[in-house]
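Novice: Please find upload-v8.txt (compact mmCIF, C-alpha atoms) on the next line:
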```txt
# COMPACT_ATOMS: atom_id res chain seq x y z
CA MET T 1 0.00 0.00 0.00
CA LYS T 2 1.18 3.50 -0.76
CA LYS T 3 2.13 5.54 2.26
CA LYS T 4 -0.38 8.27 3.13
CA PHE T 5 0.69 11.72 1.95
CA ASP T 6 1.53 13.85 5.00
CA LYS T 7 2.03 17.40 3.79
CA TYR T 8 3.37 18.62 7.14
CA TRP T 9 6.08 15.94 7.10
CA TYR T 10 7.14 17.01 3.61
CA TYR T 11 7.13 20.67 4.64
CA ARG T 12 9.34 19.90 7.64
CA HIS T 13 11.84 18.05 5.43
CA SER T 14 11.93 20.52 2.54
CA VAL T 15 11.37 23.99 4.03
CA GLN T 16 12.21 24.01 7.72
CA SER T 17 15.57 23.74 9.49
CA PRO T 18 14.67 24.26 13.17
CA GLU T 19 18.13 23.41 14.50
CA LEU T 20 19.88 25.84 12.12
CA ASP T 21 17.33 28.61 12.68
CA LEU T 22 17.61 28.36 16.45
CA ARG T 23 21.40 28.23 16.35
CA PHE T 24 21.41 31.48 14.38
CA ILE T 25 18.78 33.12 16.61
CA ARG T 26 20.47 32.16 19.89
CA ASN T 27 23.91 33.23 18.65
CA CYS T 28 22.46 36.59 17.54
CA TYR T 29 21.04 37.18 20.98
CA ARG T 30 24.28 36.20 22.71
CA LYS T 31 26.38 38.53 20.53
CA LEU T 32 24.01 41.49 20.71
CA LYS T 33 23.04 41.18 24.37
CA GLN T 34 26.01 39.39 25.95
CA LYS T 35 23.66 37.07 27.81
CA GLU T 36 21.59 33.94 27.31
CA PRO T 37 17.96 33.96 26.07
CA TYR T 38 15.55 31.55 27.76
CA VAL T 39 12.00 32.44 26.70
CA PHE T 40 11.20 31.99 23.01
CA ARG T 41 7.90 32.79 21.28
CA GLU T 42 7.17 31.31 17.86
CA ASP T 43 4.46 33.25 16.03
CA PHE T 44 2.62 31.73 13.05
CA CYS T 45 4.13 28.52 14.42
CA SER T 46 2.14 25.95 12.39
CA THR T 47 3.37 22.59 13.82
CA PHE T 48 5.71 24.48 16.23
CA ALA T 49 8.83 22.46 15.40
CA LEU T 50 11.10 25.33 16.55
CA SER T 51 9.40 25.55 19.93
CA CYS T 52 9.97 21.84 20.47
CA GLU T 53 13.64 22.15 19.57
CA TRP T 54 14.05 25.18 21.83
CA VAL T 55 13.09 23.38 25.05
CA LYS T 56 15.62 20.63 24.29
CA MET T 57 18.42 23.12 24.97
CA GLY T 58 18.10 22.77 28.74
CA PRO T 59 15.82 22.90 31.78
CA LEU T 60 15.65 26.72 31.82
CA TYR T 61 14.41 27.07 28.25
CA LYS T 62 10.70 27.78 27.73
CA SER T 63 8.72 28.39 24.56
CA VAL T 64 5.33 29.74 23.53
CA ALA T 65 3.87 28.57 20.20
CA VAL T 66 1.10 30.62 18.58
CA ASP T 67 -1.02 29.94 15.51
CA ILE T 68 -4.59 30.68 14.46
CA ASP T 69 -5.09 27.35 12.65
CA ASN T 70 -5.96 24.37 14.83
CA ARG T 71 -4.99 21.74 12.21
CA PRO T 72 -1.21 22.21 12.28
CA LEU T 73 -1.32 22.76 16.05
CA LYS T 74 -3.04 19.41 16.47
CA TYR T 75 -0.45 17.79 14.20
CA GLY T 76 2.40 19.34 16.19
CA LYS T 77 0.97 18.04 19.45
CA GLU T 78 0.63 14.52 18.04
CA GLN T 79 3.89 14.31 16.09
CA TYR T 80 6.40 16.57 17.86
CA LEU T 81 5.22 17.47 21.35
CA SER T 82 4.44 13.84 22.16
CA GLN T 83 8.04 12.85 21.36
CA LEU T 84 9.50 15.14 24.02
CA GLU T 85 10.21 14.13 27.58
CA LEU T 86 7.53 15.13 30.05
CA HIS T 87 9.60 17.89 31.67
CA GLN T 88 10.20 19.36 28.19
CA GLN T 89 6.52 19.23 27.30
CA LYS T 90 5.71 21.20 30.43
CA ARG T 91 7.91 24.06 29.23
CA ILE T 92 5.93 24.60 26.02
CA GLN T 93 2.72 26.63 25.94
CA VAL T 94 0.65 26.14 22.78
CA ILE T 95 -1.86 28.92 22.04
CA LYS T 96 -4.51 29.03 19.33
CA SER T 97 -4.90 32.75 18.71
CA ASN T 98 -4.61 35.64 16.31
CA VAL T 99 -1.15 37.12 16.90
CA LEU T 100 -2.65 40.62 16.85
CA LYS T 101 -4.65 39.84 19.98
CA LEU T 102 -1.97 38.19 22.09
CA ASN T 103 -1.25 39.13 25.67
CA THR T 104 1.29 36.51 26.68
CA ALA T 105 4.05 36.64 29.27
CA LYS T 106 7.07 38.55 27.98
CA ALA T 107 9.67 36.75 25.88
CA ASP T 108 13.38 37.21 25.25
CA ILE T 109 12.90 36.40 21.57
CA ILE T 110 9.86 36.53 19.29
CA SER T 111 10.20 34.97 15.84
CA ALA T 112 8.00 35.09 12.76
CA LEU T 113 9.77 32.93 10.19
CA ASN T 114 9.09 31.40 6.79
CA PHE T 115 7.82 34.85 5.74
CA SER T 116 4.61 34.19 7.66
CA TYR T 117 3.98 37.84 8.56
CA PHE T 118 3.63 38.54 4.81
CA THR T 119 0.01 37.56 5.44
CA PHE T 120 -0.48 41.17 6.64
CA LYS T 121 -1.16 43.14 3.46
CA LYS T 122 -1.94 46.48 5.08
CA ARG T 123 0.74 48.64 6.69
CA LEU T 124 -1.51 49.41 9.66
CA GLU T 125 -2.00 45.67 10.32
CA LEU T 126 1.73 45.00 10.21
CA LYS T 127 2.37 48.03 12.41
CA LYS T 128 -0.12 46.71 14.96
CA TYR T 129 1.70 43.36 14.97
CA PHE T 130 5.12 44.97 15.46
CA LEU T 131 3.75 47.15 18.29
CA ASN T 132 2.35 44.11 20.05
CA CYS T 133 5.67 42.29 19.68
CA LEU T 134 7.50 45.29 21.14
CA LYS T 135 5.12 45.36 24.10
CA LEU T 136 5.53 41.64 24.82
CA LEU T 137 9.33 41.50 24.63
CA ASN T 138 11.56 41.69 27.68
CA PRO T 139 13.75 44.82 27.97
CA ASN T 140 16.62 43.07 26.16
CA GLY T 141 14.30 41.31 23.71
CA LEU T 142 14.74 40.62 20.00
CA LEU T 143 12.20 40.28 17.22
CA VAL T 144 13.51 37.97 14.47
CA LEU T 145 11.96 37.96 10.99
CA ASP T 146 13.08 36.53 7.69
CA CYS T 147 12.54 38.12 4.30
CA PHE T 148 13.17 37.27 0.66
CA GLY T 149 13.32 39.12 -2.63
CA GLY T 150 15.25 39.63 -5.83
CA THR T 151 14.36 40.28 -9.46
CA GLN T 152 13.11 36.71 -9.85
CA CYS T 153 10.32 37.45 -7.38
CA PHE T 154 8.70 39.90 -9.79
CA GLU T 155 7.79 37.35 -12.44
CA ARG T 156 5.91 34.10 -12.71
CA ASN T 157 8.22 31.12 -12.22
CA GLU T 158 8.50 27.70 -10.63
CA GLU T 159 11.59 26.18 -9.04
CA GLN T 160 12.05 22.55 -8.06
CA THR T 161 14.39 20.78 -5.67
CA ASP T 162 14.98 17.04 -5.81
CA TYR T 163 15.22 15.48 -2.34
CA GLY T 164 15.65 11.95 -3.67
CA LYS T 165 12.39 10.33 -2.64
CA PHE T 166 10.36 13.41 -3.50
CA ILE T 167 10.55 16.68 -5.43
CA TYR T 168 9.65 20.03 -3.87
CA TYR T 169 8.22 22.82 -6.05
CA TRP T 170 8.11 26.52 -5.16
CA ASP T 171 5.63 28.09 -7.57
CA GLN T 172 5.31 31.87 -7.85
CA ARG T 173 2.05 32.19 -9.69
CA HIS T 174 1.28 35.93 -9.56
CA PHE T 175 2.87 39.25 -8.61
CA ASP T 176 1.21 42.68 -8.76
CA PRO T 177 3.82 45.48 -9.06
CA VAL T 178 1.38 48.11 -7.77
CA THR T 179 0.31 46.38 -4.55
CA HIS T 180 3.06 43.73 -4.22
CA HIS T 181 0.27 41.23 -3.60
CA SER T 182 1.60 37.82 -4.59
CA LEU T 183 0.36 34.25 -4.88
CA PHE T 184 2.61 31.28 -4.15
CA TYR T 185 2.08 27.52 -4.09
CA ILE T 186 4.09 24.59 -2.77
CA HIS T 187 3.70 21.33 -4.69
CA TYR T 188 5.21 17.89 -4.06
CA LYS T 189 5.83 14.83 -6.20
CA ARG T 190 6.78 11.50 -4.71
CA LYS T 191 8.67 8.98 -6.82
CA GLY T 192 6.31 7.02 -9.04
CA GLU T 193 3.33 9.26 -8.24
CA LYS T 194 1.63 12.24 -9.82
CA LYS T 195 2.50 15.75 -8.75
CA ARG T 196 0.42 16.85 -5.77
CA GLU T 197 -0.66 20.39 -6.57
CA LYS T 198 -1.12 23.20 -4.04
CA ALA T 199 -0.20 21.38 -0.85
CA PHE T 200 0.29 24.87 0.59
CA ILE T 201 -1.10 28.17 -0.69
CA TYR T 202 0.22 31.62 0.27
CA ASN T 203 -1.61 34.82 -0.59
CA TRP T 204 0.85 37.44 0.59
CA ARG T 205 2.14 40.96 0.23
CA LEU T 206 5.82 40.91 -0.68
CA TRP T 207 7.34 43.29 1.86
CA MET T 208 10.81 44.69 1.16
CA ILE T 209 13.60 45.32 3.66
CA PRO T 210 13.60 49.17 3.57
CA GLU T 211 9.88 49.47 4.33
CA LEU T 212 10.12 46.82 7.06
CA LYS T 213 13.14 48.53 8.62
CA ASP T 214 11.41 51.92 8.55
CA LEU T 215 8.27 50.52 10.17
CA LEU T 216 10.19 48.64 12.89
CA GLU T 217 12.06 51.81 13.80
CA GLU T 218 8.83 53.82 13.66
CA VAL T 219 7.11 51.63 16.28
CA GLY T 220 10.06 51.94 18.65
CA PHE T 221 12.68 49.25 18.07
CA ARG T 222 16.05 50.83 18.95
CA LYS T 223 18.18 49.06 16.36
CA VAL T 224 17.36 46.99 13.29
CA HIS T 225 20.05 44.69 11.88
CA ILE T 226 20.08 42.96 8.50
CA TYR T 227 21.78 39.57 8.22
CA TRP T 228 22.49 38.72 4.58
CA GLU T 229 23.03 35.19 3.30
CA GLY T 230 26.38 34.38 1.70
CA THR T 231 26.86 32.40 -1.51
CA ASP T 232 28.75 29.26 -2.42
CA LYS T 233 31.05 28.76 -5.43
CA ASP T 234 28.02 28.19 -7.66
CA GLY T 235 26.39 31.45 -6.61
CA GLU T 236 23.72 29.69 -4.51
CA GLY T 237 22.84 30.57 -0.91
CA ASN T 238 25.18 28.85 1.55
CA GLY T 239 23.04 29.16 4.70
CA ARG T 240 25.54 31.46 6.46
CA PHE T 241 24.25 34.90 7.45
CA THR T 242 26.37 37.92 8.36
CA ARG T 243 25.35 41.40 9.47
CA ARG T 244 25.48 43.80 6.54
CA GLU T 245 24.72 47.44 5.77
CA LYS T 246 24.32 46.74 2.05
CA GLY T 247 23.08 43.72 0.10
CA GLU T 248 23.90 42.38 -3.33
CA GLU T 249 22.00 42.70 -6.58
CA CYS T 250 20.81 39.20 -7.43
CA GLU T 251 17.88 37.23 -8.80
CA SER T 252 16.97 35.74 -5.43
CA TRP T 253 18.06 36.47 -1.88
CA VAL T 254 17.09 35.61 1.71
CA ALA T 255 17.86 37.67 4.81
CA TYR T 256 17.07 37.85 8.51
CA ILE T 257 15.84 41.09 10.09
CA VAL T 258 16.76 41.25 13.78
CA SER T 259 15.30 44.12 15.82
CA GLU T 260 16.37 45.14 19.32
CA LYS T 261 13.86 46.48 21.81
```
So, in terms of structure tokens, how does the structure I just supplied come out?

Specialist:
Amino acid sequence: MKKKFDKYWYYRHSVQSPELDLRFIRNCYRKLKQKEPYVFREDFCSTFALSCEWVKMGPLYKSVAVDIDNRPLKYGKEQYLSQLELHQQKRIQVIKSNVLKLNTAKADIISALNFSYFTFKKRLELKKYFLNCLKLLNPNGLLVLDCFGGTQCFERNEEQTDYGKFIYYWDQRHFDPVTHHSLFYIHYKRKGEKKREKAFIYNWRLWMIPELKDLLEEVGFRKVHIYWEGTDKDGEGNGRFTRREKGEECESWVAYIVSEK
């Protein structure tokens, strides 16, 4: 019998790198603040894989996972949370909520990764989110976002990555140059099977670094740092991010935006 298609499993193994993300985030905090972060909040967390990895770092580490969709939260509880030791499970708080309406305990770090905050298409909505993050960070807190762009993002295209047993497709279907509203799909194809269309659908506004930086400073973040991804010998992203004042002109880029309260 063919194995059931589990889109969250394929997402975890094609898009997410919780260990690498958390290593970068924790090292950023250590370098900027000269101390250790212990409370981590994962907004738009989906199956909250990062939150589960965070509490594995030690008995003082706590995480809060927030998402508005109960389906991935349920999956995360069944597939990831259940695999942790009991004392680790007790240090994770899972919240089904709109991130704009949160009033959680304060965190050392708040993250919104995989471009999830692109769901806010209006500046006032995004401003409200950033203000709430600022309010719910500890005095030495950091807000960590990721962002992508490049000339390739302004045209319809589809990229594929072969992971051996399956192929991952990133499909940019539409981009409006006036509004920056964009439509993206993720497709998968397992070996010997038909392509599974639209496993994930993203109807976003493509926010750019200058407007994000301006808005973060406007709401009150003291410093906003840009960490730019380096390239390998083939000109592809190498997964190593360094703090930069200027980027590079390229077809496709990824960066972290790290804001200090």

Novice: Out of T:Lys135, T:Lys191, T:Arg91, T:Lys31, which residue has the shortest atom-to-atom distance to Ile110 of chain T when counting only C-alpha atoms?

Specialist: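 Smallest distance to Ile110 of chain T is found for T:Lys135.
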
Novice: Could you work out how far atom CA of Ala49 of chain T lies from atom CA of Gln79 of chain T, giving the answer in Å with one decimal?

Specialist: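 One can read the atom CA of Gln79 of chain T to atom CA of Ala49 of chain T distance as 9.6 Å.
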
Novice: What is the atom CA of Ser82 of chain T-atom CA of Gly58 of chain T distance in Å, reported with one decimal?

Specialist: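 Calculated distance between atom CA of Ser82 of chain T and atom CA of Gly58 of chain T is 17.6 Å.
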
Novice: Taking into account all atoms listed in the file, which residue in the set T:Ala107, T:Cys52, T:Leu86, T:Met208 is nearest to Leu137 of chain T?

Specialist: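 Answer, going by the shortest atom-to-atom distance: T:Ala107.
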
Novice: Counting all atoms listed in the file, which of T:His87, T:Arg205, T:Lys223, T:Lys3 gets nearest to Leu126 of chain T?

Specialist: T:Arg205

Novice: How close does segment 163-255 of chain T get to segment 7-14 of chain T? List, as JSON lines, each residue of segment 163-255 of chain T within 9 Å, its nearest atom pair and the distance in Å to one decimal, counting all atoms listed in the file.

Specialist:
```
{"residue": "T:Tyr163", "atom": "CA", "partner": "T:Ser14", "partner_atom": "CA", "distance": 7.7}
{"residue": "T:Phe166", "atom": "CA", "partner": "T:Tyr10", "partner_atom": "CA", "distance": 8.6}
{"residue": "T:Ile167", "atom": "CA", "partner": "T:Ser14", "partner_atom": "CA", "distance": 9.0}
{"residue": "T:Tyr168", "atom": "CA", "partner": "T:Ser14", "partner_atom": "CA", "distance": 6.8}
{"residue": "T:Ile186", "atom": "CA", "partner": "T:Tyr11", "partner_atom": "CA", "distance": 8.9}
{"residue": "T:Tyr188", "atom": "CA", "partner": "T:Tyr10", "partner_atom": "CA", "distance": 8.0}
{"residue": "T:Ala199", "atom": "CA", "partner": "T:Lys7", "partner_atom": "CA", "distance": 6.5}
{"residue": "T:Phe200", "atom": "CA", "partner": "T:Lys7", "partner_atom": "CA", "distance": 8.3}
```

Novice: I'd like the neighbourhood of Phe184 of chain T as a PDB file with C-alpha atoms, in the frame of the given file, where a residue qualifies if any of its atoms comes within 6 Å (using only C-alpha atoms), though same-chain residues fewer than 5 positions away should be ignored.

Specialist:
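To be explicit, this is the file written out as part_27.pdb:
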```
ATOM      1  CA  ASP T 171       5.630  28.090  -7.570  1.00  0.00           C
ATOM      2  CA  GLN T 172       5.310  31.870  -7.850  1.00  0.00           C
ATOM      3  CA  ARG T 173       2.050  32.190  -9.690  1.00  0.00           C
ATOM      4  CA  ILE T 201      -1.100  28.170  -0.690  1.00  0.00           C
ATOM      5  CA  TYR T 202       0.220  31.620   0.270  1.00  0.00           C
TER       6      TYR T 202
END
```

Novice: Go through T:Val144, T:Cys133, T:Val224, T:Leu50 one by one, measure the shortest atom-to-atom distance of each to Glu19 of chain T using only C-alpha atoms, and give the residue with the smallest value.

Specialist: T:Leu50

Novice: Could you tell me how far atom CA of Glu53 of chain T lies from atom CA of Leu84 of chain T, in Å and to one decimal?

Specialist: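 Separating atom CA of Glu53 of chain T from atom CA of Leu84 of chain T is a distance of 9.3 Å.
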
Novice: Given the choices T:Lys122, T:Lys35, T:Lys198, T:Arg243, which gets closest to Thr179 of chain T if the distance is worked out from all atoms listed in the file?

Specialist: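 Nearest to Thr179 of chain T: T:Lys122.
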
Novice: Contacts between segment 213-217 of chain T and segment 119-172 of chain T, please, where a residue of segment 119-172 of chain T counts if it comes within 12 Å (with only C-alpha atoms); show its shortest atom pair and distance in Å to one decimal, rows by chain and ascending number, as JSON lines.

Specialist:
```
{"residue": "T:Arg123", "atom": "CA", "partner": "T:Leu215", "partner_atom": "CA", "distance": 8.5}
{"residue": "T:Leu124", "atom": "CA", "partner": "T:Leu215", "partner_atom": "CA", "distance": 9.9}
{"residue": "T:Glu125", "atom": "CA", "partner": "T:Leu215", "partner_atom": "CA", "distance": 11.4}
{"residue": "T:Leu126", "atom": "CA", "partner": "T:Leu215", "partner_atom": "CA", "distance": 8.6}
{"residue": "T:Lys127", "atom": "CA", "partner": "T:Leu215", "partner_atom": "CA", "distance": 6.8}
{"residue": "T:Lys128", "atom": "CA", "partner": "T:Leu215", "partner_atom": "CA", "distance": 10.4}
{"residue": "T:Tyr129", "atom": "CA", "partner": "T:Leu216", "partner_atom": "CA", "distance": 10.2}
{"residue": "T:Phe130", "atom": "CA", "partner": "T:Leu216", "partner_atom": "CA", "distance": 6.8}
{"residue": "T:Leu131", "atom": "CA", "partner": "T:Leu216", "partner_atom": "CA", "distance": 8.5}
{"residue": "T:Asn132", "atom": "CA", "partner": "T:Leu216", "partner_atom": "CA", "distance": 11.5}
{"residue": "T:Cys133", "atom": "CA", "partner": "T:Leu216", "partner_atom": "CA", "distance": 10.3}
{"residue": "T:Leu134", "atom": "CA", "partner": "T:Leu216", "partner_atom": "CA", "distance": 9.3}
{"residue": "T:Leu142", "atom": "CA", "partner": "T:Leu216", "partner_atom": "CA", "distance": 11.6}
{"residue": "T:Leu143", "atom": "CA", "partner": "T:Leu216", "partner_atom": "CA", "distance": 9.6}
{"residue": "T:Val144", "atom": "CA", "partner": "T:Leu216", "partner_atom": "CA", "distance": 11.3}
{"residue": "T:Leu145", "atom": "CA", "partner": "T:Lys213", "partner_atom": "CA", "distance": 10.9}
{"residue": "T:Cys147", "atom": "CA", "partner": "T:Lys213", "partner_atom": "CA", "distance": 11.3}
```

Novice: Near Lys62 of chain T, counting all atoms listed in the file, which residues have an atom at most 12 Å away, once you skip same-chain residues fewer than 3 positions from it, shown as a ChimeraX atom specification?

Specialist: /T:37-42,50-59,65,87-94,105-109

Novice: Looking at all atoms listed in the file, which of T:Leu32, T:Ala112, T:Val178, T:Val258 is the one that sits closest to Asp67 of chain T?

Specialist: T:Ala112

Novice: Would you mind listing what lies within 12 Å of Gln152 of chain T as a list in words, with only C-alpha atoms counted and same-chain residues fewer than 6 positions away left out?

Specialist: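 Counting only the stated atoms, we get Glu158, Glu159, Asp171, Gln172, Arg173, His174, Phe175, Glu249, Cys250, Glu251, Ser252 and Trp253 of chain T.
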
Novice: Around the point (11.8, 49.8, 20.9) in the file's coordinates, collect all residues with an atom within 7 Å, using all atoms listed in the file, and return them as JSON, numbers by chain.

Specialist: {"T": [134, 219, 220, 221, 222, 260, 261]}

Novice: Would you mind exporting segment 190-221 of chain T with C-alpha atoms, as a tab-separated table (two decimals), in the first residue's frame?

Specialist:
```tsv
chain	number	residue	atom	x	y	z
T	190	ARG	CA	6.78	11.50	-4.71
T	191	LYS	CA	8.67	8.98	-6.82
T	192	GLY	CA	6.31	7.02	-9.04
T	193	GLU	CA	3.33	9.26	-8.24
T	194	LYS	CA	1.63	12.24	-9.82
T	195	LYS	CA	2.50	15.75	-8.75
T	196	ARG	CA	0.42	16.85	-5.77
T	197	GLU	CA	-0.66	20.39	-6.57
T	198	LYS	CA	-1.12	23.20	-4.04
T	199	ALA	CA	-0.20	21.38	-0.85
T	200	PHE	CA	0.29	24.87	0.59
T	201	ILE	CA	-1.10	28.17	-0.69
T	202	TYR	CA	0.22	31.62	0.27
T	203	ASN	CA	-1.61	34.82	-0.59
T	204	TRP	CA	0.85	37.44	0.59
T	205	ARG	CA	2.14	40.96	0.23
T	206	LEU	CA	5.82	40.91	-0.68
T	207	TRP	CA	7.34	43.29	1.86
T	208	MET	CA	10.81	44.69	1.16
T	209	ILE	CA	13.60	45.32	3.66
T	210	PRO	CA	13.60	49.17	3.57
T	211	GLU	CA	9.88	49.47	4.33
T	212	LEU	CA	10.12	46.82	7.06
T	213	LYS	CA	13.14	48.53	8.62
T	214	ASP	CA	11.41	51.92	8.55
T	215	LEU	CA	8.27	50.52	10.17
T	216	LEU	CA	10.19	48.64	12.89
T	217	GLU	CA	12.06	51.81	13.80
T	218	GLU	CA	8.83	53.82	13.66
T	219	VAL	CA	7.11	51.63	16.28
T	220	GLY	CA	10.06	51.94	18.65
T	221	PHE	CA	12.68	49.25	18.07
```
